[in-house]
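Everything below concerns the one structure shown next.
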Amino acid sequence: MAADGFELNAFLPYRLNRAAEFVAVRFAAEYKARYQLTRPEWRTLAALGSSTGAMTATEVGAHSAMHKTKVSRAVAALEDRRWLKRSEDETDRRLEHLELTKAGRIAYGDLTDLASAYQKQLEDLIGADGLQALSVGLDAVERAIDTAGKHVARP
């Protein structure tokens, strides 16, 4: 234990951040090598690819917990690749609906194959029981996120 009584290695935010970085950095190296994607670009592509329909940039940001500036840059980069198309909202011209193009869906499919292989690597590294326990813990954290989001005061 530290002299001040605070044990950093037992502090949940610190542990979650270390774990997330370990997992994310290893996967980022794979999609960066294959497609030269940044993390925000991957997260934007993943949000759109996993959606059943179009999303707004705000929805992409909420889905992936990214700041609107990062989403905006990722959207522009994916559009430059012709993986994403924008369409103006018919009732609110301030909104744009984002969807993957055919090329974007193909890339997303390839990247989900890569993600599945990476998931298997993590299972081999952590073990099926460890991965299941982690999933149960993350489910609890995600429920807490949802609950906290419902209790945030709205102006």
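Here's how to read the names in the structure tokens: chain A, B, ... by the order shown, residue numbers from 1 in each chain, ligand numbers from 1 in the order shown.
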Check your understanding: Which of stretch 51-87 of chain A counts as strand (DSSP E or B) under DSSP, as an MDAnalysis selection string please?
Key -> chainID A and resid 55 84:87
Point to revise | Within 7 Å of stretch 66-83 of chain A using only C-alpha atoms, minus same-chain residues under 2 positions, as a list in words | key: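 Answer for this query is Pro40, Glu41, Thr44, Ala57, Thr58, Gly61, Ala62, Ser64, Lys85, Leu100, Thr101, Ala103 and Gly104 of chain A.
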Kindly save the residues from that selection, with N, CA and C atoms included, as a compact mmCIF listing (two decimals), in the first residue's frame.
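Output (again20.txt):
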```txt
# COMPACT_ATOMS: atom_id res chain seq x y z
N PRO A 40 -10.35 7.12 -34.09
CA PRO A 40 -11.68 7.71 -34.32
C PRO A 40 -12.31 7.25 -35.64
N GLU A 41 -11.50 7.05 -36.67
CA GLU A 41 -12.04 6.57 -37.94
C GLU A 41 -12.59 5.15 -37.78
N THR A 44 -15.84 5.32 -35.76
CA THR A 44 -16.92 5.86 -36.58
C THR A 44 -17.40 4.81 -37.57
N ALA A 57 -23.99 12.56 -36.91
CA ALA A 57 -22.69 12.64 -36.25
C ALA A 57 -22.85 12.64 -34.73
N THR A 58 -23.90 13.29 -34.25
CA THR A 58 -24.17 13.30 -32.81
C THR A 58 -24.42 11.88 -32.30
N GLY A 61 -21.16 10.01 -32.16
CA GLY A 61 -20.40 10.44 -30.98
C GLY A 61 -20.93 9.81 -29.71
N ALA A 62 -22.25 9.77 -29.55
CA ALA A 62 -22.84 9.16 -28.35
C ALA A 62 -22.59 7.66 -28.32
N SER A 64 -20.11 6.00 -29.61
CA SER A 64 -18.70 5.64 -29.44
C SER A 64 -17.99 6.47 -28.39
N LYS A 85 -21.24 8.22 -46.99
CA LYS A 85 -21.97 9.27 -47.71
C LYS A 85 -22.86 10.02 -46.73
N LEU A 100 -22.72 4.16 -44.58
CA LEU A 100 -21.60 3.60 -45.31
C LEU A 100 -21.99 3.37 -46.77
N THR A 101 -21.03 3.59 -47.65
CA THR A 101 -21.22 3.26 -49.05
C THR A 101 -20.97 1.76 -49.22
N ALA A 103 -18.46 0.43 -50.73
CA ALA A 103 -17.05 0.23 -50.39
C ALA A 103 -16.83 0.27 -48.88
N GLY A 104 -17.56 1.14 -48.19
CA GLY A 104 -17.46 1.23 -46.74
C GLY A 104 -17.98 -0.03 -46.06
```
Review point. Of the candidates A:Glu142, A:Glu30, A:Glu88, A:Glu96, which one gets nearest to A:Leu114 if we count only C-alpha atoms?
Key: A:Glu30
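With distances restricted to only C-alpha atoms, A:Glu99 is the closest residue to A:Leu45 from A:Asp139, A:Glu59, A:Asp92, A:Glu99.
The shortest atom-to-atom distance to A:Lys120, with only C-alpha atoms taken into account, belongs to A:Phe27 out of A:Arg94, A:Thr52, A:Phe27, A:Ala107.
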Practice item. Determine which residues of stretch 37-76 of chain A receive a DSSP assignment of helix (DSSP H, G or I), computed from the backbone, and state them as a list in words. Key: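 So the helix (DSSP H, G or I) residues in stretch 37-76 of chain A would be Arg39, Pro40, Glu41, Trp42, Arg43, Thr44, Leu45, Ala46, Ala47, Leu48, Gly49, Ser50, Ala57, Thr58, Glu59, Val60, Gly61, Ala62, His63, Ser64, Lys68, Thr69, Lys70, Val71, Ser72, Arg73, Ala74, Val75 and Ala76 of chain A.
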Practice item. Find the residue from A:Leu111, A:Leu8, A:Val141, A:Ser116 that sits nearest to A:Ala33; use only C-alpha atoms when measuring. Key: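 Residue with the minimum atom-to-atom distance to A:Ala33: A:Leu111.
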Review point. Of the candidates A:Ser87, A:Arg105, A:Val136, A:Asp146, which one gets nearest to A:His63 if we count only C-alpha atoms?
Key: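 Distance minimum relative to A:His63 lands on A:Asp146.
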Point to revise | Shell around A:Gln119 at 12 Å using only C-alpha atoms, local window under 6 positions removed, as a PyMOL selection string | key: chain A and resi 23-24+26-27+112-113+125-128+131
Residues from the last selection, N, CA, C and O atoms, saved as a CSV table (one decimal), in the first residue's frame:
```
chain,number,residue,atom,x,y,z
A,23,VAL,N,-5.9,-3.3,-24.7
A,23,VAL,CA,-6.7,-4.0,-25.7
A,23,VAL,C,-6.8,-3.2,-26.9
A,23,VAL,O,-6.7,-3.7,-28.0
A,24,ALA,N,-7.1,-1.9,-26.8
A,24,ALA,CA,-7.3,-1.0,-28.0
A,24,ALA,C,-6.0,-0.8,-28.8
A,24,ALA,O,-6.1,-0.8,-30.0
A,26,ARG,N,-3.4,-2.7,-29.2
A,26,ARG,CA,-3.1,-3.9,-30.0
A,26,ARG,C,-4.0,-4.1,-31.2
A,26,ARG,O,-3.5,-4.4,-32.3
A,27,PHE,N,-5.3,-3.8,-31.0
A,27,PHE,CA,-6.2,-3.9,-32.2
A,27,PHE,C,-5.9,-2.7,-33.1
A,27,PHE,O,-5.9,-2.9,-34.4
A,112,THR,N,-14.5,-6.4,-39.5
A,112,THR,CA,-15.2,-7.2,-38.5
A,112,THR,C,-14.6,-8.6,-38.5
A,112,THR,O,-14.5,-9.3,-37.4
A,113,ASP,N,-14.1,-9.1,-39.6
A,113,ASP,CA,-13.4,-10.4,-39.6
A,113,ASP,C,-12.1,-10.2,-38.8
A,113,ASP,O,-11.7,-11.1,-38.0
A,125,LEU,N,-5.3,-15.2,-24.8
A,125,LEU,CA,-4.4,-14.6,-23.9
A,125,LEU,C,-5.0,-14.5,-22.5
A,125,LEU,O,-4.4,-14.8,-21.5
A,126,ILE,N,-6.3,-14.2,-22.4
A,126,ILE,CA,-7.0,-14.0,-21.1
A,126,ILE,C,-7.6,-15.2,-20.6
A,126,ILE,O,-7.8,-15.4,-19.4
A,127,GLY,N,-8.0,-16.1,-21.5
A,127,GLY,CA,-8.8,-17.3,-21.2
A,127,GLY,C,-10.3,-17.1,-21.3
A,127,GLY,O,-10.7,-16.0,-21.0
A,128,ALA,N,-11.0,-18.1,-21.6
A,128,ALA,CA,-12.4,-18.0,-21.8
A,128,ALA,C,-13.1,-17.5,-20.5
A,128,ALA,O,-14.0,-16.7,-20.5
A,131,LEU,N,-12.3,-13.8,-19.9
A,131,LEU,CA,-13.1,-13.0,-20.8
A,131,LEU,C,-14.5,-12.9,-20.4
A,131,LEU,O,-15.2,-11.9,-20.4
```
Polymer residues at most 12 Å from A:Ala19, only C-alpha atoms, same-chain spacing of 3 or more positions, as an mmCIF file with C-alpha atoms, in the first residue's frame:
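The resulting result15.cif:
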```
data_model
loop_
_atom_site.group_PDB
_atom_site.id
_atom_site.type_symbol
_atom_site.label_atom_id
_atom_site.label_comp_id
_atom_site.auth_asym_id
_atom_site.auth_seq_id
_atom_site.Cartn_x
_atom_site.Cartn_y
_atom_site.Cartn_z
ATOM 1 C CA ASN A 9 -3.431 -0.255 -8.693
ATOM 2 C CA LEU A 12 -11.069 1.182 -10.809
ATOM 3 C CA PRO A 13 -10.717 4.100 -13.279
ATOM 4 C CA TYR A 14 -6.958 3.521 -13.426
ATOM 5 C CA ARG A 15 -7.370 -0.212 -13.964
ATOM 6 C CA LEU A 16 -10.070 0.213 -16.608
ATOM 7 C CA PHE A 22 -3.800 -2.537 -23.714
ATOM 8 C CA VAL A 23 -6.700 -4.008 -25.670
ATOM 9 C CA ALA A 24 -7.277 -0.998 -27.954
ATOM 10 C CA VAL A 25 -3.637 -0.348 -28.862
ATOM 11 C CA ARG A 26 -3.064 -3.930 -29.975
ATOM 12 C CA LEU A 122 -7.748 -12.047 -26.522
ATOM 13 C CA ILE A 126 -6.975 -13.970 -21.123
ATOM 14 C CA LEU A 134 -14.658 -9.319 -17.732
ATOM 15 C CA LEU A 138 -18.403 -4.543 -18.188
#
```
